[in-house]
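**Q** File run26.txt follows (compact mmCIF, N, CA and C atoms):
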```txt
# COMPACT_ATOMS: atom_id res chain seq x y z
N LEU A 1361 1.61 6.29 -18.12
CA LEU A 1361 2.75 5.50 -18.56
C LEU A 1361 3.01 4.35 -17.58
N HIS A 1362 2.90 4.64 -16.29
CA HIS A 1362 3.10 3.61 -15.27
C HIS A 1362 2.16 2.44 -15.49
N ASP A 1363 0.86 2.74 -15.70
CA ASP A 1363 -0.13 1.68 -15.89
C ASP A 1363 0.13 0.86 -17.15
N VAL A 1364 0.51 1.53 -18.22
CA VAL A 1364 0.80 0.84 -19.47
C VAL A 1364 1.98 -0.10 -19.28
N LEU A 1365 3.02 0.36 -18.61
CA LEU A 1365 4.20 -0.48 -18.39
C LEU A 1365 3.89 -1.66 -17.48
N MET A 1366 3.01 -1.48 -16.54
CA MET A 1366 2.66 -2.58 -15.64
C MET A 1366 1.83 -3.64 -16.38
N ARG A 1367 0.99 -3.20 -17.34
CA ARG A 1367 0.19 -4.15 -18.11
C ARG A 1367 1.01 -4.85 -19.19
N ASP A 1368 1.79 -4.08 -19.93
CA ASP A 1368 2.58 -4.64 -21.02
C ASP A 1368 4.00 -4.13 -20.91
N GLY A 1369 4.81 -4.88 -20.21
CA GLY A 1369 6.19 -4.48 -20.00
C GLY A 1369 7.14 -5.18 -20.94
N SER A 1370 6.74 -5.34 -22.19
CA SER A 1370 7.62 -6.01 -23.15
C SER A 1370 8.91 -5.20 -23.31
N PRO A 1371 10.03 -5.87 -23.58
CA PRO A 1371 11.31 -5.15 -23.72
C PRO A 1371 11.27 -3.99 -24.72
N PRO A 1372 10.67 -4.14 -25.90
CA PRO A 1372 10.64 -2.98 -26.81
C PRO A 1372 9.86 -1.79 -26.23
N ARG A 1373 8.75 -2.09 -25.56
CA ARG A 1373 7.96 -1.00 -24.96
C ARG A 1373 8.73 -0.34 -23.82
N ARG A 1374 9.42 -1.15 -23.02
CA ARG A 1374 10.22 -0.59 -21.91
C ARG A 1374 11.36 0.25 -22.45
N LEU A 1375 11.98 -0.18 -23.54
CA LEU A 1375 13.07 0.59 -24.14
C LEU A 1375 12.56 1.94 -24.63
N ARG A 1376 11.42 1.95 -25.30
CA ARG A 1376 10.84 3.22 -25.77
C ARG A 1376 10.49 4.11 -24.58
N ALA A 1377 9.91 3.53 -23.55
CA ALA A 1377 9.53 4.31 -22.37
C ALA A 1377 10.76 4.92 -21.70
N ALA A 1378 11.82 4.13 -21.55
CA ALA A 1378 13.04 4.64 -20.92
C ALA A 1378 13.64 5.76 -21.75
N SER A 1379 13.60 5.62 -23.05
CA SER A 1379 14.12 6.66 -23.93
C SER A 1379 13.27 7.93 -23.81
N ASN A 1380 11.96 7.78 -23.84
CA ASN A 1380 11.06 8.93 -23.71
C ASN A 1380 11.14 9.57 -22.34
N LEU A 1381 11.37 8.78 -21.34
CA LEU A 1381 11.45 9.29 -19.97
C LEU A 1381 12.56 10.31 -19.81
N GLN A 1382 13.62 10.14 -20.56
CA GLN A 1382 14.74 11.06 -20.48
C GLN A 1382 14.38 12.48 -20.92
N GLU A 1383 13.29 12.60 -21.64
CA GLU A 1383 12.85 13.91 -22.15
C GLU A 1383 11.92 14.64 -21.17
N LEU A 1384 11.41 13.91 -20.19
CA LEU A 1384 10.45 14.50 -19.25
C LEU A 1384 11.15 15.28 -18.14
N PRO A 1385 10.46 16.28 -17.61
CA PRO A 1385 10.99 16.93 -16.40
C PRO A 1385 11.11 15.89 -15.28
N LEU A 1386 12.06 16.09 -14.39
CA LEU A 1386 12.37 15.10 -13.36
C LEU A 1386 11.17 14.72 -12.51
N GLU A 1387 10.33 15.68 -12.15
CA GLU A 1387 9.22 15.38 -11.25
C GLU A 1387 8.20 14.42 -11.86
N PHE A 1388 8.22 14.26 -13.18
CA PHE A 1388 7.28 13.36 -13.85
C PHE A 1388 7.86 11.98 -14.13
N ARG A 1389 9.10 11.74 -13.74
CA ARG A 1389 9.76 10.47 -14.05
C ARG A 1389 9.54 9.38 -13.01
N TRP A 1390 9.20 9.74 -11.80
CA TRP A 1390 9.21 8.77 -10.71
C TRP A 1390 8.33 7.56 -10.92
N ASP A 1391 7.06 7.77 -11.23
CA ASP A 1391 6.13 6.64 -11.37
C ASP A 1391 6.55 5.69 -12.48
N ALA A 1392 6.91 6.25 -13.63
CA ALA A 1392 7.34 5.40 -14.73
C ALA A 1392 8.64 4.69 -14.40
N ALA A 1393 9.55 5.37 -13.71
CA ALA A 1393 10.81 4.73 -13.31
C ALA A 1393 10.54 3.54 -12.40
N GLU A 1394 9.61 3.69 -11.48
CA GLU A 1394 9.26 2.58 -10.59
C GLU A 1394 8.72 1.39 -11.40
N ALA A 1395 7.92 1.66 -12.41
CA ALA A 1395 7.38 0.58 -13.24
C ALA A 1395 8.48 -0.06 -14.07
N LEU A 1396 9.40 0.73 -14.58
CA LEU A 1396 10.48 0.20 -15.40
C LEU A 1396 11.40 -0.74 -14.62
N VAL A 1397 11.68 -0.42 -13.38
CA VAL A 1397 12.61 -1.25 -12.60
C VAL A 1397 11.92 -2.41 -11.89
N ALA A 1398 10.59 -2.46 -11.97
CA ALA A 1398 9.84 -3.50 -11.28
C ALA A 1398 10.01 -4.87 -11.92
N ARG A 1399 10.46 -4.90 -13.17
CA ARG A 1399 10.67 -6.16 -13.86
C ARG A 1399 12.13 -6.29 -14.24
N ALA A 1400 12.63 -7.49 -14.13
CA ALA A 1400 14.02 -7.75 -14.50
C ALA A 1400 14.17 -7.65 -16.02
N VAL A 1401 15.38 -7.35 -16.43
CA VAL A 1401 15.69 -7.39 -17.85
C VAL A 1401 16.48 -8.66 -18.11
N HIS A 1402 16.43 -9.13 -19.33
CA HIS A 1402 17.22 -10.31 -19.69
C HIS A 1402 18.70 -9.99 -19.49
N PRO A 1403 19.47 -10.90 -18.90
CA PRO A 1403 20.88 -10.62 -18.62
C PRO A 1403 21.69 -10.17 -19.84
N ASP A 1404 21.27 -10.58 -21.02
CA ASP A 1404 21.99 -10.18 -22.23
C ASP A 1404 21.55 -8.83 -22.78
N ASP A 1405 20.52 -8.25 -22.19
CA ASP A 1405 19.98 -6.98 -22.69
C ASP A 1405 20.50 -5.81 -21.87
N ARG A 1406 21.77 -5.54 -22.00
CA ARG A 1406 22.39 -4.44 -21.26
C ARG A 1406 21.87 -3.09 -21.74
N ASN A 1407 21.47 -2.98 -23.00
CA ASN A 1407 20.98 -1.71 -23.53
C ASN A 1407 19.75 -1.22 -22.79
N LEU A 1408 18.82 -2.12 -22.53
CA LEU A 1408 17.61 -1.72 -21.82
C LEU A 1408 17.95 -1.26 -20.41
N ALA A 1409 18.79 -2.01 -19.72
CA ALA A 1409 19.19 -1.61 -18.37
C ALA A 1409 19.87 -0.24 -18.37
N LEU A 1410 20.72 0.00 -19.35
CA LEU A 1410 21.40 1.29 -19.43
C LEU A 1410 20.44 2.43 -19.77
N MET A 1411 19.51 2.20 -20.66
CA MET A 1411 18.54 3.25 -20.99
C MET A 1411 17.69 3.61 -19.77
N ILE A 1412 17.32 2.60 -19.00
CA ILE A 1412 16.57 2.87 -17.78
C ILE A 1412 17.44 3.68 -16.82
N TRP A 1413 18.70 3.31 -16.70
CA TRP A 1413 19.61 4.05 -15.82
C TRP A 1413 19.74 5.50 -16.26
N TYR A 1414 19.89 5.76 -17.55
CA TYR A 1414 20.03 7.13 -18.04
C TYR A 1414 18.81 7.97 -17.69
N ALA A 1415 17.65 7.35 -17.65
CA ALA A 1415 16.43 8.07 -17.27
C ALA A 1415 16.36 8.33 -15.77
N ILE A 1416 16.95 7.43 -14.98
CA ILE A 1416 16.87 7.53 -13.52
C ILE A 1416 18.00 8.36 -12.92
N GLU A 1417 19.16 8.35 -13.52
CA GLU A 1417 20.35 8.96 -12.94
C GLU A 1417 20.14 10.40 -12.45
N PRO A 1418 19.47 11.27 -13.21
CA PRO A 1418 19.27 12.63 -12.70
C PRO A 1418 18.41 12.71 -11.44
N LEU A 1419 17.63 11.67 -11.18
CA LEU A 1419 16.78 11.66 -9.99
C LEU A 1419 17.59 11.54 -8.70
N VAL A 1420 18.79 10.99 -8.80
CA VAL A 1420 19.60 10.78 -7.60
C VAL A 1420 19.87 12.11 -6.90
N ALA A 1421 20.29 13.11 -7.63
CA ALA A 1421 20.58 14.41 -7.03
C ALA A 1421 19.32 15.09 -6.51
N GLU A 1422 18.19 14.83 -7.16
CA GLU A 1422 16.94 15.45 -6.75
C GLU A 1422 16.45 14.90 -5.41
N ASP A 1423 16.51 13.57 -5.25
CA ASP A 1423 16.01 12.94 -4.03
C ASP A 1423 16.75 11.62 -3.81
N PRO A 1424 17.95 11.68 -3.19
CA PRO A 1424 18.76 10.48 -3.00
C PRO A 1424 18.05 9.36 -2.24
N LYS A 1425 17.30 9.70 -1.21
CA LYS A 1425 16.62 8.67 -0.41
C LYS A 1425 15.56 7.95 -1.24
N ARG A 1426 14.79 8.71 -1.97
CA ARG A 1426 13.75 8.09 -2.80
C ARG A 1426 14.38 7.23 -3.91
N THR A 1427 15.49 7.69 -4.44
CA THR A 1427 16.16 6.92 -5.49
C THR A 1427 16.75 5.64 -4.92
N LEU A 1428 17.28 5.70 -3.70
CA LEU A 1428 17.79 4.47 -3.07
C LEU A 1428 16.66 3.48 -2.83
N LYS A 1429 15.49 3.96 -2.45
CA LYS A 1429 14.33 3.09 -2.28
C LYS A 1429 13.95 2.46 -3.62
N LEU A 1430 13.93 3.28 -4.68
CA LEU A 1430 13.63 2.77 -6.01
C LEU A 1430 14.63 1.69 -6.39
N ALA A 1431 15.90 1.93 -6.13
CA ALA A 1431 16.94 0.95 -6.47
C ALA A 1431 16.80 -0.32 -5.64
N ALA A 1432 16.48 -0.17 -4.37
CA ALA A 1432 16.33 -1.34 -3.51
C ALA A 1432 15.18 -2.23 -3.98
N ASP A 1433 14.14 -1.62 -4.51
CA ASP A 1433 12.99 -2.37 -5.02
C ASP A 1433 13.20 -2.88 -6.44
N SER A 1434 14.27 -2.45 -7.08
CA SER A 1434 14.53 -2.79 -8.48
C SER A 1434 14.86 -4.26 -8.66
N LYS A 1435 14.39 -4.80 -9.76
CA LYS A 1435 14.71 -6.17 -10.15
C LYS A 1435 15.92 -6.20 -11.10
N ILE A 1436 16.54 -5.03 -11.30
CA ILE A 1436 17.65 -4.90 -12.23
C ILE A 1436 18.93 -4.63 -11.45
N PRO A 1437 19.83 -5.59 -11.38
CA PRO A 1437 21.07 -5.41 -10.60
C PRO A 1437 21.88 -4.17 -11.01
N LEU A 1438 21.95 -3.88 -12.28
CA LEU A 1438 22.71 -2.72 -12.73
C LEU A 1438 22.16 -1.42 -12.13
N ILE A 1439 20.86 -1.33 -12.00
CA ILE A 1439 20.24 -0.13 -11.41
C ILE A 1439 20.64 0.00 -9.95
N ARG A 1440 20.62 -1.10 -9.23
CA ARG A 1440 21.05 -1.05 -7.82
C ARG A 1440 22.51 -0.64 -7.70
N GLN A 1441 23.35 -1.22 -8.52
CA GLN A 1441 24.78 -0.94 -8.48
C GLN A 1441 25.08 0.52 -8.85
N PHE A 1442 24.54 0.98 -9.96
CA PHE A 1442 24.82 2.34 -10.42
C PHE A 1442 24.25 3.38 -9.46
N THR A 1443 23.07 3.10 -8.91
CA THR A 1443 22.46 4.05 -7.97
C THR A 1443 23.32 4.18 -6.72
N ALA A 1444 23.78 3.06 -6.19
CA ALA A 1444 24.64 3.11 -5.00
C ALA A 1444 25.90 3.91 -5.28
N ARG A 1445 26.52 3.67 -6.41
CA ARG A 1445 27.73 4.43 -6.77
C ARG A 1445 27.45 5.91 -6.89
N ARG A 1446 26.34 6.25 -7.54
CA ARG A 1446 26.00 7.67 -7.75
C ARG A 1446 25.71 8.37 -6.44
N VAL A 1447 25.03 7.70 -5.51
CA VAL A 1447 24.75 8.30 -4.21
C VAL A 1447 26.05 8.52 -3.44
N VAL A 1448 26.96 7.57 -3.49
CA VAL A 1448 28.26 7.73 -2.83
C VAL A 1448 29.00 8.92 -3.43
N ASP A 1449 29.02 9.02 -4.75
CA ASP A 1449 29.68 10.16 -5.41
C ASP A 1449 29.03 11.48 -5.01
N LEU A 1450 27.72 11.48 -4.92
CA LEU A 1450 27.00 12.68 -4.52
C LEU A 1450 27.38 13.10 -3.11
N ASN A 1451 27.49 12.13 -2.22
CA ASN A 1451 27.86 12.41 -0.83
C ASN A 1451 29.31 12.89 -0.71
N LYS A 1452 30.20 12.38 -1.56
CA LYS A 1452 31.59 12.82 -1.56
C LYS A 1452 31.70 14.28 -1.99
N ALA A 1453 30.83 14.69 -2.86
CA ALA A 1453 30.86 16.06 -3.39
C ALA A 1453 30.41 17.09 -2.36
N LYS A 1454 29.75 16.67 -1.32
CA LYS A 1454 29.23 17.62 -0.30
C LYS A 1454 30.30 18.12 0.59
```
Could you take the file, read its structure, and then write that structure out as structure tokens?
**A**
Amino acid sequence: LHDVLMRDGSPPRRLRAASNLQELPLEFRWDAAEALVARAVHPDDRNLALMIWYAIEPLVAEDPKRTLKLAADSKIPLIRQFTARRVVDLNKAK
């Protein structure tokens, strides 16, 4: 999936991948998540950014440091913002 997204990262394909990613066990999401956030989304396409976030959000609790790295490398501002908030919330819960 990672290789396919890197070759053809069209918005419809990325949307399908983000939707499908939500069905995978967490350990299989990392590579595809990295590919999904490697390209910016059009500022008017909030749905794609949100679908990517829904696929990534459970990864925060699994590995906060790795998720912060993924967010830092992300070309999608919403992913950076939501990841930072989620990590702060996770730390408050401890």
**Q** Have a look at atom CA of Ser1379 of chain A and atom C of Met1411 of chain A and let me know their distance in Å, one decimal.
**A**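 A separation of 6.3 Å between them.
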**Q** List the spatial neighbours of Leu1396 of chain A as a PyMOL selection string - criterion: any atom at most 10 Å away, only C-alpha atoms, same-chain residues fewer than 3 positions off excluded.
**A** chain A and resi 1361-1362+1365-1366+1369+1371+1373-1375+1377-1378+1390-1393+1399-1401+1408-1409+1412-1413+1416+1434-1436
**Q** Just the selected residues (N, CA and C atoms), exported as a PDB file, in the frame of the given file, please.
**A**
```
ATOM      1  N   LEU A1361       1.610   6.290 -18.120  1.00  0.00           N
ATOM      2  CA  LEU A1361       2.750   5.500 -18.560  1.00  0.00           C
ATOM      3  C   LEU A1361       3.010   4.350 -17.580  1.00  0.00           C
ATOM      4  N   HIS A1362       2.900   4.640 -16.290  1.00  0.00           N
ATOM      5  CA  HIS A1362       3.100   3.610 -15.270  1.00  0.00           C
ATOM      6  C   HIS A1362       2.160   2.440 -15.490  1.00  0.00           C
ATOM      7  N   LEU A1365       3.020   0.360 -18.610  1.00  0.00           N
ATOM      8  CA  LEU A1365       4.200  -0.480 -18.390  1.00  0.00           C
ATOM      9  C   LEU A1365       3.890  -1.660 -17.480  1.00  0.00           C
ATOM     10  N   MET A1366       3.010  -1.480 -16.540  1.00  0.00           N
ATOM     11  CA  MET A1366       2.660  -2.580 -15.640  1.00  0.00           C
ATOM     12  C   MET A1366       1.830  -3.640 -16.380  1.00  0.00           C
ATOM     13  N   GLY A1369       4.810  -4.880 -20.210  1.00  0.00           N
ATOM     14  CA  GLY A1369       6.190  -4.480 -20.000  1.00  0.00           C
ATOM     15  C   GLY A1369       7.140  -5.180 -20.940  1.00  0.00           C
ATOM     16  N   PRO A1371      10.030  -5.870 -23.580  1.00  0.00           N
ATOM     17  CA  PRO A1371      11.310  -5.150 -23.720  1.00  0.00           C
ATOM     18  C   PRO A1371      11.270  -3.990 -24.720  1.00  0.00           C
ATOM     19  N   ARG A1373       8.750  -2.090 -25.560  1.00  0.00           N
ATOM     20  CA  ARG A1373       7.960  -1.000 -24.960  1.00  0.00           C
ATOM     21  C   ARG A1373       8.730  -0.340 -23.820  1.00  0.00           C
ATOM     22  N   ARG A1374       9.420  -1.150 -23.020  1.00  0.00           N
ATOM     23  CA  ARG A1374      10.220  -0.590 -21.910  1.00  0.00           C
ATOM     24  C   ARG A1374      11.360   0.250 -22.450  1.00  0.00           C
ATOM     25  N   LEU A1375      11.980  -0.180 -23.540  1.00  0.00           N
ATOM     26  CA  LEU A1375      13.070   0.590 -24.140  1.00  0.00           C
ATOM     27  C   LEU A1375      12.560   1.940 -24.630  1.00  0.00           C
ATOM     28  N   ALA A1377       9.910   3.530 -23.550  1.00  0.00           N
ATOM     29  CA  ALA A1377       9.530   4.310 -22.370  1.00  0.00           C
ATOM     30  C   ALA A1377      10.760   4.920 -21.700  1.00  0.00           C
ATOM     31  N   ALA A1378      11.820   4.130 -21.550  1.00  0.00           N
ATOM     32  CA  ALA A1378      13.040   4.640 -20.920  1.00  0.00           C
ATOM     33  C   ALA A1378      13.640   5.760 -21.750  1.00  0.00           C
ATOM     34  N   TRP A1390       9.200   9.740 -11.800  1.00  0.00           N
ATOM     35  CA  TRP A1390       9.210   8.770 -10.710  1.00  0.00           C
ATOM     36  C   TRP A1390       8.330   7.560 -10.920  1.00  0.00           C
ATOM     37  N   ASP A1391       7.060   7.770 -11.230  1.00  0.00           N
ATOM     38  CA  ASP A1391       6.130   6.640 -11.370  1.00  0.00           C
ATOM     39  C   ASP A1391       6.550   5.690 -12.480  1.00  0.00           C
ATOM     40  N   ALA A1392       6.910   6.250 -13.630  1.00  0.00           N
ATOM     41  CA  ALA A1392       7.340   5.400 -14.730  1.00  0.00           C
ATOM     42  C   ALA A1392       8.640   4.690 -14.400  1.00  0.00           C
ATOM     43  N   ALA A1393       9.550   5.370 -13.710  1.00  0.00           N
ATOM     44  CA  ALA A1393      10.810   4.730 -13.310  1.00  0.00           C
ATOM     45  C   ALA A1393      10.540   3.540 -12.400  1.00  0.00           C
ATOM     46  N   ARG A1399      10.460  -4.900 -13.170  1.00  0.00           N
ATOM     47  CA  ARG A1399      10.670  -6.160 -13.860  1.00  0.00           C
ATOM     48  C   ARG A1399      12.130  -6.290 -14.240  1.00  0.00           C
ATOM     49  N   ALA A1400      12.630  -7.490 -14.130  1.00  0.00           N
ATOM     50  CA  ALA A1400      14.020  -7.750 -14.500  1.00  0.00           C
ATOM     51  C   ALA A1400      14.170  -7.650 -16.020  1.00  0.00           C
ATOM     52  N   VAL A1401      15.380  -7.350 -16.430  1.00  0.00           N
ATOM     53  CA  VAL A1401      15.690  -7.390 -17.850  1.00  0.00           C
ATOM     54  C   VAL A1401      16.480  -8.660 -18.110  1.00  0.00           C
ATOM     55  N   LEU A1408      18.820  -2.120 -22.530  1.00  0.00           N
ATOM     56  CA  LEU A1408      17.610  -1.720 -21.820  1.00  0.00           C
ATOM     57  C   LEU A1408      17.950  -1.260 -20.410  1.00  0.00           C
ATOM     58  N   ALA A1409      18.790  -2.010 -19.720  1.00  0.00           N
ATOM     59  CA  ALA A1409      19.190  -1.610 -18.370  1.00  0.00           C
ATOM     60  C   ALA A1409      19.870  -0.240 -18.370  1.00  0.00           C
ATOM     61  N   ILE A1412      17.320   2.600 -19.000  1.00  0.00           N
ATOM     62  CA  ILE A1412      16.570   2.870 -17.780  1.00  0.00           C
ATOM     63  C   ILE A1412      17.440   3.680 -16.820  1.00  0.00           C
ATOM     64  N   TRP A1413      18.700   3.310 -16.700  1.00  0.00           N
ATOM     65  CA  TRP A1413      19.610   4.050 -15.820  1.00  0.00           C
ATOM     66  C   TRP A1413      19.740   5.500 -16.260  1.00  0.00           C
ATOM     67  N   ILE A1416      16.950   7.430 -14.980  1.00  0.00           N
ATOM     68  CA  ILE A1416      16.870   7.530 -13.520  1.00  0.00           C
ATOM     69  C   ILE A1416      18.000   8.360 -12.920  1.00  0.00           C
ATOM     70  N   SER A1434      14.270  -2.450  -7.080  1.00  0.00           N
ATOM     71  CA  SER A1434      14.530  -2.790  -8.480  1.00  0.00           C
ATOM     72  C   SER A1434      14.860  -4.260  -8.660  1.00  0.00           C
ATOM     73  N   LYS A1435      14.390  -4.800  -9.760  1.00  0.00           N
ATOM     74  CA  LYS A1435      14.710  -6.170 -10.150  1.00  0.00           C
ATOM     75  C   LYS A1435      15.920  -6.200 -11.100  1.00  0.00           C
ATOM     76  N   ILE A1436      16.540  -5.030 -11.300  1.00  0.00           N
ATOM     77  CA  ILE A1436      17.650  -4.900 -12.230  1.00  0.00           C
ATOM     78  C   ILE A1436      18.930  -4.630 -11.450  1.00  0.00           C
TER      79      ILE A1436
END
```
**Q** Using all atoms listed in the file, find the one residue out of A:Leu1430, A:Pro1424, A:Leu1381, A:Arg1376 that sits nearest to Val1447 of chain A.
**A**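 Using all atoms listed in the file, Val1447 of chain A sits closest to A:Pro1424.
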**Q** Please indicate the distance in Å from atom CA of Leu1450 of chain A to atom CA of Thr1427 of chain A, rounded to one decimal place.
**A** 12.3 Å
**Q** What is the distance between atom C of Tyr1414 of chain A and atom C of Gln1382 of chain A, in Å to one decimal?
**A** 7.1 Å
**Q** Going by DSSP on the backbone, which bits of chain A are helix (DSSP H, G or I)? Write them as a ChimeraX atom specification, please.
**A** /A:1362-1367,1371-1381,1386-1388,1390-1397,1406-1422,1424-1433,1437-1453
